Protein chains: 2
Amino acid sequence: MTTSQSIDSFHRGRFHVVQPLGHGHRSGMDAMLLASLVADERPIRVVDLGAGAGAAGMAVASRLDNATVTLVERSPTMADFARQSLALPENARFASRVAVIEADVAWKGRERAAAGLTDDSFDHVIMNPPFNDASDRRTPDPLKAEAHAMNEGLFETWLRTAGAIMRPGGQLSLIARPESIAEIIAACGRRFGGLEITPLHPRPGENAVRILVTAIKQSRARLVFRAPLIMHEDDAHRFTSYVDDLNNGRAAYARKTVSARR
Amino acid sequence: MTTSQSIDSFHRGRFHVVQPLGHGHRSGMDAMLLASLVADERPIRVVDLGAGAGAAGMAVASRLDNATVTLVERSPTMADFARQSLALPENARFASRVAVIEADVAWKGRERAAAGLTDDSFDHVIMNPPFNDASDRRTPDPLKAEAHAMNEGLFETWLRTAGAIMRPGGQLSLIARPESIAEIIAACGRRFGGLEITPLHPRPGENAVRILVTAIKQSRARLVFRAPLIMHEDDAHRFTSYVDDLNNGRAAYARKTVSARR
């Protein structure tokens, strides 16, 4: 299969990602905001589940010098994009700290462990799970269809894996559509607690377009709604400065309640 | 049982509510914000489930001249407070449009209908369901304990009743703690859709202390998170003007997506 591609600049040129052009899921601001949720300067092991071309995981590795990152992607095509990105000289600063695993997030037990995803081994799990909607379903694009597949029980499956491979006290971070909130909370179940949910609104007064969610493995703390993030002031096209900082790796969006020390 | 009481002024003196003093659940801003969710000038039938002393339902009747309101309360003591309020000359303007029913929201079928809560008969259902937490449980106050009882499956029970007695296209409105969000969405199930959730934050940057939720019976529209309501600016003790208007019956907090016309 021939797939045309682009090389996109993130964090104001601090790193680059090879992505499919006109095909497949292209990463952008969602991936950068997801990466901003990892606010941990310690030596940490981070895994990006369903990493696609790897933009979010690379954003973590680019911003945090002590992070080692595992990108997990089941599509060989997308995993190949990630490997191409890591071979770019522009990414040499962190490429040795990033690994790519071709595996399905739905795998369990020995199959999952054999792929390198061993139980209780990661400090942070990040994910930007695929979603679709009516307009996506009309798109006859097999790569994109795979990334955006409608999966009943997707969060249950992904959070089961996240809960298994994460250390107790580890942090789950994800970005999703607002309408997924019930499925996310249900899938957290008793695996994760201390949910912190931040709605992301395009402008003041507008409905949220995304939710940022973090949770701690085995925590029993209550769910909280944090103050929202607003992308643009009323009449502005530019991002608000804080969102711009998050998008460009100049700031992290730390939890209000810090995870348990290890 | 002897219970001391107070007569509290709401909507800047537009109506008054007799409430237990130092005992039982006392209504305040939660009830006023709940009432603000009914934004409907048409002749409507409104029911306040678990009405307590009736503050929220009376706030609806006070603001909306075409609304008739049924207060449903299982505690004879609290229902009696509501009846005392309706007998006050200060409330004569709307008292004839408000009825009190002593009934348990958990009742079903013929028992519920016999109490006057007939199927498909209300345009709006409002509720401020009881909650408790660790500090409440330490309170040896039987009236309050009844109002704030920890009820597993409370939302499921209350929304089953709400769904039954409301017309298709009717609006459910409730105020709750943020941590109840998952239970609320699950209880909406396929009975209600088009959820609109508004977090209420004390100040900018602080976590939400309440969520305002509306939903439409039999709607299939997606859940949305609306822009939050902020109670106070950073350094101010006064309410922000919009929240003050909602609290005092000078404004309604209308849904973004209007319910189906009848």
# chains A, B, ... in the order shown; residues from 1 in each chain; ligands from 1

$ interface_residues --of "chain B" --to "chain A" --cutoff "6 Å" --atoms "only C-alpha atoms" --output "list of chain:residue names"
B:Glu179, B:Ala182, B:Gly205, B:Glu206, B:Asn207, B:Ala208, B:Leu223, B:Phe225, B:Arg226, B:Ala227

$ select_by_dssp --residues "stretch 109-245 of chain B" --states "strand (DSSP E or B)" --output "PDB file with N, CA, C and O atoms, in the first residue's frame"
ATOM      1  N   PHE B 122     -46.576  15.149  33.438  1.00  0.00           N
ATOM      2  CA  PHE B 122     -45.876  16.373  33.814  1.00  0.00           C
ATOM      3  C   PHE B 122     -44.962  16.862  32.685  1.00  0.00           C
ATOM      4  O   PHE B 122     -44.359  16.055  31.971  1.00  0.00           O
ATOM      5  N   ASP B 123     -44.861  18.174  32.581  1.00  0.00           N
ATOM      6  CA  ASP B 123     -43.980  18.769  31.557  1.00  0.00           C
ATOM      7  C   ASP B 123     -42.552  18.898  32.060  1.00  0.00           C
ATOM      8  O   ASP B 123     -41.610  18.875  31.269  1.00  0.00           O
ATOM      9  N   HIS B 124     -42.405  19.108  33.342  1.00  0.00           N
ATOM     10  CA  HIS B 124     -41.080  19.270  33.954  1.00  0.00           C
ATOM     11  C   HIS B 124     -41.021  18.484  35.251  1.00  0.00           C
ATOM     12  O   HIS B 124     -41.962  18.543  36.044  1.00  0.00           O
ATOM     13  N   VAL B 125     -39.914  17.798  35.462  1.00  0.00           N
ATOM     14  CA  VAL B 125     -39.621  17.191  36.757  1.00  0.00           C
ATOM     15  C   VAL B 125     -38.341  17.818  37.273  1.00  0.00           C
ATOM     16  O   VAL B 125     -37.332  17.870  36.550  1.00  0.00           O
ATOM     17  N   ILE B 126     -38.380  18.320  38.493  1.00  0.00           N
ATOM     18  CA  ILE B 126     -37.163  18.856  39.113  1.00  0.00           C
ATOM     19  C   ILE B 126     -36.853  18.043  40.356  1.00  0.00           C
ATOM     20  O   ILE B 126     -37.761  17.501  41.002  1.00  0.00           O
ATOM     21  N   MET B 127     -35.577  17.938  40.665  1.00  0.00           N
ATOM     22  CA  MET B 127     -35.193  17.185  41.870  1.00  0.00           C
ATOM     23  C   MET B 127     -33.811  17.611  42.370  1.00  0.00           C
ATOM     24  O   MET B 127     -32.915  17.906  41.596  1.00  0.00           O
ATOM     25  N   MET B 166     -43.494  11.813  33.406  1.00  0.00           N
ATOM     26  CA  MET B 166     -43.242  12.960  32.534  1.00  0.00           C
ATOM     27  C   MET B 166     -43.719  12.670  31.118  1.00  0.00           C
ATOM     28  O   MET B 166     -43.616  11.558  30.633  1.00  0.00           O
ATOM     29  N   ARG B 167     -44.231  13.707  30.462  1.00  0.00           N
ATOM     30  CA  ARG B 167     -44.609  13.563  29.056  1.00  0.00           C
ATOM     31  C   ARG B 167     -43.375  13.319  28.195  1.00  0.00           C
ATOM     32  O   ARG B 167     -42.312  13.871  28.475  1.00  0.00           O
ATOM     33  N   PRO B 168     -43.533  12.563  27.104  1.00  0.00           N
ATOM     34  CA  PRO B 168     -42.434  12.488  26.134  1.00  0.00           C
ATOM     35  C   PRO B 168     -42.060  13.905  25.694  1.00  0.00           C
ATOM     36  O   PRO B 168     -42.929  14.740  25.446  1.00  0.00           O
ATOM     37  N   GLY B 169     -40.788  14.197  25.669  1.00  0.00           N
ATOM     38  CA  GLY B 169     -40.335  15.552  25.343  1.00  0.00           C
ATOM     39  C   GLY B 169     -40.239  16.449  26.557  1.00  0.00           C
ATOM     40  O   GLY B 169     -39.762  17.580  26.449  1.00  0.00           O
ATOM     41  N   GLY B 170     -40.698  15.974  27.698  1.00  0.00           N
ATOM     42  CA  GLY B 170     -40.610  16.775  28.919  1.00  0.00           C
ATOM     43  C   GLY B 170     -39.176  16.883  29.415  1.00  0.00           C
ATOM     44  O   GLY B 170     -38.295  16.126  28.991  1.00  0.00           O
ATOM     45  N   GLN B 171     -38.964  17.840  30.308  1.00  0.00           N
ATOM     46  CA  GLN B 171     -37.603  18.147  30.755  1.00  0.00           C
ATOM     47  C   GLN B 171     -37.373  17.727  32.201  1.00  0.00           C
ATOM     48  O   GLN B 171     -38.112  18.117  33.097  1.00  0.00           O
ATOM     49  N   LEU B 172     -36.317  16.957  32.397  1.00  0.00           N
ATOM     50  CA  LEU B 172     -35.807  16.638  33.732  1.00  0.00           C
ATOM     51  C   LEU B 172     -34.750  17.659  34.105  1.00  0.00           C
ATOM     52  O   LEU B 172     -33.877  17.978  33.293  1.00  0.00           O
ATOM     53  N   SER B 173     -34.805  18.168  35.330  1.00  0.00           N
ATOM     54  CA  SER B 173     -33.786  19.100  35.821  1.00  0.00           C
ATOM     55  C   SER B 173     -33.355  18.660  37.204  1.00  0.00           C
ATOM     56  O   SER B 173     -34.211  18.342  38.045  1.00  0.00           O
ATOM     57  N   LEU B 174     -32.066  18.661  37.441  1.00  0.00           N
ATOM     58  CA  LEU B 174     -31.598  18.290  38.773  1.00  0.00           C
ATOM     59  C   LEU B 174     -30.289  18.992  39.103  1.00  0.00           C
ATOM     60  O   LEU B 174     -29.567  19.465  38.214  1.00  0.00           O
ATOM     61  N   ILE B 175     -30.020  19.064  40.387  1.00  0.00           N
ATOM     62  CA  ILE B 175     -28.739  19.580  40.884  1.00  0.00           C
ATOM     63  C   ILE B 175     -28.147  18.498  41.769  1.00  0.00           C
ATOM     64  O   ILE B 175     -28.859  17.845  42.537  1.00  0.00           O
ATOM     65  N   ALA B 176     -26.844  18.282  41.641  1.00  0.00           N
ATOM     66  CA  ALA B 176     -26.226  17.169  42.363  1.00  0.00           C
ATOM     67  C   ALA B 176     -24.753  17.472  42.584  1.00  0.00           C
ATOM     68  O   ALA B 176     -24.214  18.472  42.096  1.00  0.00           O
ATOM     69  N   PHE B 192     -33.914   9.146  29.084  1.00  0.00           N
ATOM     70  CA  PHE B 192     -33.637  10.555  28.855  1.00  0.00           C
ATOM     71  C   PHE B 192     -32.404  10.699  27.972  1.00  0.00           C
ATOM     72  O   PHE B 192     -31.469   9.905  28.073  1.00  0.00           O
ATOM     73  N   GLY B 193     -32.400  11.715  27.145  1.00  0.00           N
ATOM     74  CA  GLY B 193     -31.217  12.015  26.353  1.00  0.00           C
ATOM     75  C   GLY B 193     -31.038  13.523  26.282  1.00  0.00           C
ATOM     76  O   GLY B 193     -31.734  14.276  26.960  1.00  0.00           O
ATOM     77  N   GLY B 194     -30.093  13.942  25.463  1.00  0.00           N
ATOM     78  CA  GLY B 194     -29.840  15.372  25.331  1.00  0.00           C
ATOM     79  C   GLY B 194     -29.379  15.995  26.629  1.00  0.00           C
ATOM     80  O   GLY B 194     -29.697  17.156  26.918  1.00  0.00           O
ATOM     81  N   LEU B 195     -28.607  15.241  27.414  1.00  0.00           N
ATOM     82  CA  LEU B 195     -28.147  15.784  28.689  1.00  0.00           C
ATOM     83  C   LEU B 195     -27.316  17.041  28.476  1.00  0.00           C
ATOM     84  O   LEU B 195     -26.417  17.067  27.627  1.00  0.00           O
ATOM     85  N   GLU B 196     -27.623  18.054  29.250  1.00  0.00           N
ATOM     86  CA  GLU B 196     -26.792  19.257  29.298  1.00  0.00           C
ATOM     87  C   GLU B 196     -26.295  19.405  30.729  1.00  0.00           C
ATOM     88  O   GLU B 196     -27.089  19.508  31.662  1.00  0.00           O
ATOM     89  N   ILE B 197     -24.985  19.390  30.889  1.00  0.00           N
ATOM     90  CA  ILE B 197     -24.364  19.422  32.210  1.00  0.00           C
ATOM     91  C   ILE B 197     -23.593  20.718  32.372  1.00  0.00           C
ATOM     92  O   ILE B 197     -22.772  21.058  31.516  1.00  0.00           O
ATOM     93  N   THR B 198     -23.872  21.430  33.448  1.00  0.00           N
ATOM     94  CA  THR B 198     -23.166  22.675  33.730  1.00  0.00           C
ATOM     95  C   THR B 198     -22.502  22.580  35.090  1.00  0.00           C
ATOM     96  O   THR B 198     -23.194  22.491  36.106  1.00  0.00           O
ATOM     97  N   PRO B 199     -21.170  22.573  35.150  1.00  0.00           N
ATOM     98  CA  PRO B 199     -20.513  22.586  36.459  1.00  0.00           C
ATOM     99  C   PRO B 199     -20.637  23.967  37.104  1.00  0.00           C
ATOM    100  O   PRO B 199     -20.594  24.998  36.418  1.00  0.00           O
ATOM    101  N   LEU B 200     -20.765  23.951  38.424  1.00  0.00           N
ATOM    102  CA  LEU B 200     -20.865  25.192  39.200  1.00  0.00           C
ATOM    103  C   LEU B 200     -19.621  25.288  40.078  1.00  0.00           C
ATOM    104  O   LEU B 200     -19.392  24.423  40.930  1.00  0.00           O
ATOM    105  N   HIS B 201     -18.835  26.340  39.848  1.00  0.00           N
ATOM    106  CA  HIS B 201     -17.564  26.503  40.566  1.00  0.00           C
ATOM    107  C   HIS B 201     -17.660  27.693  41.517  1.00  0.00           C
ATOM    108  O   HIS B 201     -18.179  28.743  41.136  1.00  0.00           O
ATOM    109  N   ARG B 210     -21.006  21.655  42.466  1.00  0.00           N
ATOM    110  CA  ARG B 210     -22.283  21.090  42.045  1.00  0.00           C
ATOM    111  C   ARG B 210     -22.273  20.947  40.523  1.00  0.00           C
ATOM    112  O   ARG B 210     -21.497  21.608  39.835  1.00  0.00           O
ATOM    113  N   ILE B 211     -23.165  20.097  40.050  1.00  0.00           N
ATOM    114  CA  ILE B 211     -23.474  20.084  38.624  1.00  0.00           C
ATOM    115  C   ILE B 211     -24.970  20.293  38.452  1.00  0.00           C
ATOM    116  O   ILE B 211     -25.785  19.754  39.205  1.00  0.00           O
ATOM    117  N   LEU B 212     -25.306  21.119  37.469  1.00  0.00           N
ATOM    118  CA  LEU B 212     -26.687  21.301  37.044  1.00  0.00           C
ATOM    119  C   LEU B 212     -26.891  20.433  35.812  1.00  0.00           C
ATOM    120  O   LEU B 212     -26.088  20.485  34.878  1.00  0.00           O
ATOM    121  N   VAL B 213     -27.942  19.634  35.835  1.00  0.00           N
ATOM    122  CA  VAL B 213     -28.174  18.680  34.741  1.00  0.00           C
ATOM    123  C   VAL B 213     -29.614  18.822  34.258  1.00  0.00           C
ATOM    124  O   VAL B 213     -30.542  18.831  35.066  1.00  0.00           O
ATOM    125  N   THR B 214     -29.790  18.941  32.946  1.00  0.00           N
ATOM    126  CA  THR B 214     -31.120  18.811  32.357  1.00  0.00           C
ATOM    127  C   THR B 214     -31.069  17.722  31.291  1.00  0.00           C
ATOM    128  O   THR B 214     -30.011  17.429  30.726  1.00  0.00           O
ATOM    129  N   ALA B 215     -32.215  17.133  31.039  1.00  0.00           N
ATOM    130  CA  ALA B 215     -32.312  16.084  30.017  1.00  0.00           C
ATOM    131  C   ALA B 215     -33.751  16.037  29.542  1.00  0.00           C
ATOM    132  O   ALA B 215     -34.658  16.528  30.214  1.00  0.00           O
ATOM    133  N   ILE B 216     -33.932  15.448  28.367  1.00  0.00           N
ATOM    134  CA  ILE B 216     -35.255  15.424  27.725  1.00  0.00           C
ATOM    135  C   ILE B 216     -35.710  13.969  27.590  1.00  0.00           C
ATOM    136  O   ILE B 216     -34.959  13.129  27.097  1.00  0.00           O
ATOM    137  N   LYS B 217     -36.946  13.710  28.014  1.00  0.00           N
ATOM    138  CA  LYS B 217     -37.480  12.344  27.927  1.00  0.00           C
ATOM    139  C   LYS B 217     -37.526  11.879  26.477  1.00  0.00           C
ATOM    140  O   LYS B 217     -38.060  12.561  25.612  1.00  0.00           O
ATOM    141  N   VAL B 224     -23.848  17.070  26.413  1.00  0.00           N
ATOM    142  CA  VAL B 224     -22.902  18.183  26.272  1.00  0.00           C
ATOM    143  C   VAL B 224     -22.515  18.734  27.646  1.00  0.00           C
ATOM    144  O   VAL B 224     -23.287  18.674  28.601  1.00  0.00           O
ATOM    145  N   PHE B 225     -21.292  19.251  27.710  1.00  0.00           N
ATOM    146  CA  PHE B 225     -20.857  20.044  28.856  1.00  0.00           C
ATOM    147  C   PHE B 225     -20.929  21.505  28.457  1.00  0.00           C
ATOM    148  O   PHE B 225     -20.242  21.933  27.534  1.00  0.00           O
ATOM    149  N   LEU B 229     -20.749  27.714  35.423  1.00  0.00           N
ATOM    150  CA  LEU B 229     -21.183  28.904  36.159  1.00  0.00           C
ATOM    151  C   LEU B 229     -20.178  29.143  37.280  1.00  0.00           C
ATOM    152  O   LEU B 229     -19.767  28.207  37.962  1.00  0.00           O
ATOM    153  N   ILE B 230     -19.792  30.397  37.436  1.00  0.00           N
ATOM    154  CA  ILE B 230     -18.831  30.795  38.470  1.00  0.00           C
ATOM    155  C   ILE B 230     -19.569  31.647  39.491  1.00  0.00           C
ATOM    156  O   ILE B 230     -20.191  32.641  39.132  1.00  0.00           O
TER     157      ILE B 230
END

$ select_by_dssp --residues "stretch 76-226 of chain A" --states "helix (DSSP H, G or I)" --output "PyMOL selection string"
chain A and resi 76-86+89-95+109-114+134-137+142-147+154-165+178-188

$ residues_around --residues "stretch 6-19 of chain A" --least-positions-apart "4" --cutoff "10 Å" --atoms "only C-alpha atoms" --output "JSON, numbers by chain"
{"A": [23, 24, 25, 26, 27, 28, 29, 32, 52, 53, 54, 55, 56, 58, 59, 61, 62, 63, 78, 80, 81, 82, 83, 84, 85, 86, 88, 89, 90, 91, 92, 93, 94, 244, 245, 246, 247, 248, 249, 250]}

$ residues_around --residues "B:Leu117" --least-positions-apart "5" --cutoff "10 Å" --atoms "only C-alpha atoms" --output "ChimeraX atom specification"
/B:47,70,72,101,103,105,107-112,122,161-162,164-166

$ closest_residue --among "B:Ile44, B:Ala79, B:Leu49, B:Ala35" --to "B:Asn66" --atoms "only C-alpha atoms"
B:Ile44
